[in-house]
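Everything below belongs to run07.pdb, which stores PDB, C-alpha atoms.
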ATOM      1  CA  MET B   1      64.818 101.937 104.600
ATOM      2  CA  ALA B   2      67.256 104.573 103.330
ATOM      3  CA  LEU B   3      70.516 103.652 101.619
ATOM      4  CA  TRP B   4      72.387 105.725 104.202
ATOM      5  CA  GLY B   5      71.747 108.086 107.074
ATOM      6  CA  ASN B   6      73.695 110.938 108.599
ATOM      7  CA  ASN B   7      74.929 109.541 111.924
ATOM      8  CA  ASP B   8      78.273 107.762 112.251
ATOM      9  CA  ASN B   9      77.846 106.993 115.948
ATOM     10  CA  VAL B  10      74.251 106.120 116.829
ATOM     11  CA  THR B  11      75.327 104.183 119.929
ATOM     12  CA  SER B  12      78.184 102.165 121.336
ATOM     13  CA  THR B  13      77.069 101.464 124.895
ATOM     14  CA  GLY B  14      77.914  98.053 126.362
ATOM     15  CA  THR B  15      79.468  95.011 124.723
ATOM     16  CA  VAL B  16      78.193  92.366 122.306
ATOM     17  CA  SER B  17      78.679  88.711 121.406
ATOM     18  CA  LEU B  18      77.664  87.055 118.120
ATOM     19  CA  ASN B  19      76.401  83.573 117.328
ATOM     20  CA  TYR B  20      77.514  83.085 113.726
ATOM     21  CA  ASP B  21      75.077  80.188 113.131
ATOM     22  CA  THR B  22      71.920  82.059 114.132
ATOM     23  CA  ARG B  23      73.228  85.599 113.356
ATOM     24  CA  VAL B  24      71.930  86.695 116.781
ATOM     25  CA  VAL B  25      73.816  89.440 118.593
ATOM     26  CA  THR B  26      73.551  89.362 122.393
ATOM     27  CA  GLY B  27      74.342  92.578 124.222
ATOM     28  CA  SER B  28      75.408  93.333 127.758
ATOM     29  CA  GLY B  29      74.650  96.823 129.051
ATOM     30  CA  THR B  30      72.973  97.665 125.736
ATOM     31  CA  THR B  31      69.731  99.452 124.860
ATOM     32  CA  PHE B  32      69.000  98.097 121.391
ATOM     33  CA  VAL B  33      65.213  98.661 121.450
ATOM     34  CA  THR B  34      65.361 102.346 122.351
ATOM     35  CA  ASP B  35      68.507 103.332 120.411
ATOM     36  CA  LEU B  36      68.573 101.315 117.177
ATOM     37  CA  GLN B  37      66.581 100.704 114.002
ATOM     38  CA  GLU B  38      66.582  97.986 111.381
ATOM     39  CA  GLY B  39      68.855  98.868 108.475
ATOM     40  CA  GLN B  40      71.557 100.474 110.573
ATOM     41  CA  VAL B  41      75.059  98.987 110.500
ATOM     42  CA  ILE B  42      76.772  97.429 113.502
ATOM     43  CA  ARG B  43      80.597  97.588 113.511
ATOM     44  CA  PHE B  44      82.139  94.905 115.725
ATOM     45  CA  GLY B  45      85.354  95.837 117.530
ATOM     46  CA  THR B  46      86.199  99.531 117.333
ATOM     47  CA  ARG B  47      88.936 100.027 119.907
ATOM     48  CA  ASP B  48      92.437  98.681 120.569
ATOM     49  CA  ASN B  49      93.004  98.000 116.842
ATOM     50  CA  VAL B  50      90.607  95.026 116.945
ATOM     51  CA  TYR B  51      88.113  95.043 114.089
ATOM     52  CA  PHE B  52      85.859  92.099 113.200
ATOM     53  CA  GLY B  53      83.787  93.735 110.457
ATOM     54  CA  ASP B  54      80.363  95.253 109.802
ATOM     55  CA  ALA B  55      76.839  93.845 109.408
ATOM     56  CA  VAL B  56      73.373  95.242 108.694
ATOM     57  CA  ILE B  57      70.799  94.985 111.515
ATOM     58  CA  THR B  58      67.670  93.171 110.274
ATOM     59  CA  GLY B  59      65.713  92.730 113.504
ATOM     60  CA  ILE B  60      65.639  94.014 117.081
ATOM     61  CA  THR B  61      64.057  91.719 119.657
ATOM     62  CA  SER B  62      64.869  93.428 122.959
ATOM     63  CA  ALA B  63      67.320  95.731 124.694
ATOM     64  CA  THR B  64      69.916  92.970 124.521
ATOM     65  CA  LEU B  65      69.039  90.925 121.401
ATOM     66  CA  LEU B  66      69.191  91.768 117.713
ATOM     67  CA  THR B  67      69.686  89.910 114.430
ATOM     68  CA  ILE B  68      72.032  90.702 111.559
ATOM     69  CA  GLY B  69      71.276  89.901 107.922
ATOM     70  CA  SER B  70      74.565  88.294 106.953
ATOM     71  CA  THR B  71      77.994  87.470 108.344
ATOM     72  CA  MET B  72      79.590  88.080 104.935
ATOM     73  CA  GLY B  73      81.259  91.330 106.065
ATOM     74  CA  LEU B  74      82.767  89.753 109.201
ATOM     75  CA  SER B  75      86.204  88.248 109.689
ATOM     76  CA  GLY B  76      84.970  84.873 111.006
ATOM     77  CA  ALA B  77      86.835  85.273 114.298
ATOM     78  CA  ALA B  78      84.886  84.700 117.513
ATOM     79  CA  ILE B  79      83.081  87.840 118.695
ATOM     80  CA  ALA B  80      82.500  87.669 122.443
ATOM     81  CA  ALA B  81      82.125  90.545 124.920
ATOM     82  CA  THR B  82      83.574  93.011 122.428
ATOM     83  CA  ASP B  83      82.877  96.694 121.943
ATOM     84  CA  PHE B  84      80.768  97.860 119.021
ATOM     85  CA  GLN B  85      79.424 100.910 117.303
ATOM     86  CA  VAL B  86      76.225 101.408 115.346
ATOM     87  CA  SER B  87      76.273 103.676 112.322
ATOM     88  CA  GLU B  88      74.099 104.729 109.416
ATOM     89  CA  LEU B  89      76.933 104.339 106.922
ATOM     90  CA  PRO B  90      76.097 103.190 103.375
ATOM     91  CA  LYS B  91      75.043  99.541 103.258
ATOM     92  CA  SER B  92      77.019  99.093 100.037
ATOM     93  CA  THR B  93      80.211  99.242 102.111
ATOM     94  CA  VAL B  94      79.070  96.232 104.168
ATOM     95  CA  LEU B  95      78.492  94.179 101.020
ATOM     96  CA  ASP B  96      81.888  95.176  99.551
ATOM     97  CA  ASP B  97      84.489  93.106 101.407
ATOM     98  CA  SER B  98      87.246  95.560 100.507
ATOM     99  CA  TYR B  99      85.589  98.002 102.959
ATOM    100  CA  SER B 100      84.831  95.380 105.584
ATOM    101  CA  GLU B 101      88.013  93.444 106.105
ATOM    102  CA  THR B 102      91.703  93.920 106.708
ATOM    103  CA  HIS B 103      93.790  92.679 103.817
ATOM    104  CA  THR B 104      97.459  91.698 103.886
ATOM    105  CA  ASP B 105      98.645  94.750 101.960
ATOM    106  CA  TYR B 106      96.092  97.455 102.871
ATOM    107  CA  ASP B 107      93.195  98.430 105.148
ATOM    108  CA  LYS B 108      90.064 100.101 103.799
ATOM    109  CA  TYR B 109      87.196 101.392 105.924
ATOM    110  CA  ALA B 110      84.230 103.742 105.534
ATOM    111  CA  TYR B 111      83.748 106.704 107.890
ATOM    112  CA  GLY B 112      81.326 109.560 108.385
ATOM    113  CA  ILE B 113      83.134 112.894 108.099
ATOM    114  CA  GLY B 114      81.351 115.987 109.398
ATOM    115  CA  ILE B 115      81.747 119.331 107.683
ATOM    116  CA  THR B 116      83.876 120.616 110.576
ATOM    117  CA  ASP B 117      86.202 117.614 110.128
ATOM    118  CA  THR B 118      87.001 118.262 106.463
ATOM    119  CA  GLY B 119      90.621 119.171 106.065
ATOM    120  CA  LEU B 120      91.152 118.186 109.701
ATOM    121  CA  ALA B 121      94.650 116.824 109.960
ATOM    122  CA  GLY B 122      94.434 115.185 113.392
ATOM    123  CA  ALA B 123      97.912 113.929 114.257
ATOM    124  CA  THR B 124      99.100 114.184 110.664
ATOM    125  CA  ALA B 125      98.046 115.997 107.496
ATOM    126  CA  GLN B 126      97.924 112.774 105.493
ATOM    127  CA  TYR B 127      94.454 111.979 106.884
ATOM    128  CA  GLY B 128      92.787 115.210 105.763
ATOM    129  CA  VAL B 129      89.758 114.854 103.456
ATOM    130  CA  ALA B 130      88.337 117.490 101.156
ATOM    131  CA  HIS B 131      84.581 116.791 101.429
ATOM    132  CA  ALA B 132      82.101 115.992 104.172
ATOM    133  CA  GLY B 133      80.031 112.835 103.863
ATOM    134  CA  TRP B 134      80.643 109.091 103.844
ATOM    135  CA  VAL B 135      84.279 108.571 102.928
ATOM    136  CA  GLY B 136      86.243 105.427 102.137
ATOM    137  CA  VAL B 137      89.776 105.582 103.535
ATOM    138  CA  THR B 138      92.527 103.239 102.381
ATOM    139  CA  THR B 139      95.856 103.010 104.210
ATOM    140  CA  TYR B 140      98.848 101.108 102.907
ATOM    141  CA  MET B 141     102.655 101.020 103.038
ATOM    142  CA  ASP B 142     104.472 101.990  99.859
ATOM    143  CA  ASN B 143     107.607 100.234  98.634
ATOM    144  CA  HIS B 144     109.736 102.636 100.696
ATOM    145  CA  GLY B 145     107.965 101.709 103.940
ATOM    146  CA  SER B 146     106.044 104.995 104.177
ATOM    147  CA  LEU B 147     102.392 105.081 105.227
ATOM    148  CA  ARG B 148     100.128 106.262 102.430
ATOM    149  CA  VAL B 149      96.478 107.282 102.757
ATOM    150  CA  LYS B 150      93.900 107.562  99.994
ATOM    151  CA  SER B 151      90.346 108.799 100.547
ATOM    152  CA  GLU B 152      87.327 108.697  98.256
ATOM    153  CA  VAL B 153      83.951 110.312  98.832
ATOM    154  CA  LEU B 154      81.238 107.629  98.670
ATOM    155  CA  VAL B 155      78.323 109.975  99.462
ATOM    156  CA  ALA B 156      78.819 113.741  99.679
ATOM    157  CA  ALA B 157      76.719 115.111 102.557
ATOM    158  CA  SER B 158      77.162 118.142 104.775
ATOM    159  CA  GLY B 159      74.996 116.924 107.673
ATOM    160  CA  ILE B 160      77.030 113.933 108.887
ATOM    161  CA  GLN B 161      77.086 113.654 112.682
ATOM    162  CA  THR B 162      80.250 112.035 113.996
ATOM    163  CA  GLY B 163      79.544 112.181 117.730
ATOM    164  CA  ASN B 164      82.051 113.269 120.341
ATOM    165  CA  THR B 165      84.858 110.992 119.167
ATOM    166  CA  PRO B 166      84.664 110.282 115.452
ATOM    167  CA  LEU B 167      86.164 107.030 114.192
ATOM    168  CA  TYR B 168      88.239 108.957 111.684
ATOM    169  CA  PRO B 169      91.184 108.877 111.298
ATOM    170  CA  PRO B 170      91.726 105.195 112.030
ATOM    171  CA  SER B 171      94.000 104.387 114.927
TER     172      SER B 171
END
File written out as structure tokens:
Amino acid sequence: MALWGNNDNVTSTGTVSLNYDTRVVTGSGTTFVTDLQEGQVIRFGTRDNVYFGDAVITGITSATLLTIGSTMGLSGAAIAATDFQVSELPKSTVLDDSYSETHTDYDKYAYGIGITDTGLAGATAQYGVAHAGWVGVTTYMDNHGSLRVKSEVLVAASGIQTGNTPLYPPS
């Protein structure tokens, strides 16, 4: 299993629920067997500013059942009938809780940035990044109440595929 891949949006079809005790993810309208592989990362909650965290997929039983290796990168909140996204982002970001959880004074997430998205300002120039690859993005409010954004390249790579609607910049 590779440390990272090149696809930031392998699939996000359907919704999922998680049993924290068994680490079993149950999908509805999903196609886990045909679309996913062990070692990919599942991101729970990707829309409407609801984010529960990330986990590494360790087993795929059927089109609607898979197992995650650990709940360490998850918030602990109930995950039921929520949206999800599967990515090949670096597994080190799942094991580092500063990339996996929302903190009281900042948010830090990892994103795949395609070469055509480098320097892309989106709604505001503060989200632009200089290099394609897997990028950690930290947002925080400074002491004047202004939004600040810091990005760091985790893995430089020119072949990152972000799909039709990349997760970056965060909403």
Subject >> Resolved residues for the PyMOL selection byres ((chain B and resi 17) around 6) as a PyMOL selection string >> reply: chain B and resi 16+18+25-26+79-81
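You can rank B:Leu89, B:Ile68, B:Leu36, B:Val24 by their closest distance to Gly5 (chain B) using only C-alpha atoms, and at the top of that list sits B:Leu89.
The smallest atom-to-atom distance between Arg148 (chain B) and any of B:Ala78, B:Asn6, B:Gln40, B:Lys108, using only C-alpha atoms, is found for B:Lys108.
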Subject >> Between CA of Glu152 (chain B) and CA of Gly136 (chain B), distance in Å (one decimal) >> reply: 5.2 Å
**OP:** Please measure the separation of CA of Val86 (chain B) and CA of Thr34 (chain B), giving the value in Å to one decimal.
**Re:** 13.0 Å
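Those residues that approach Thr61 (chain B) to within 9 Å, counting only C-alpha atoms, are Phe32, Val33, Leu65, Leu66 and Thr67 of chain B; same-chain residues fewer than 4 positions away are not listed.
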Original post:
Residues at most 10 Å from Ala132 (chain B), counting only C-alpha atoms, excluding those fewer than 3 positions away in the same chain, as a VMD selection string?
Top reply: chain B and resid 112 to 119 129 135 153 155 to 160
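Between CA of Gly45 (chain B) and CA of Gln85 (chain B) the interatomic distance comes to 7.8 Å.
Using all atoms listed in the file, the shortest contact distance between Asp54 (chain B) and any of B:Val10, B:Leu147, B:Ala130, B:Ala110 is found at B:Ala110.
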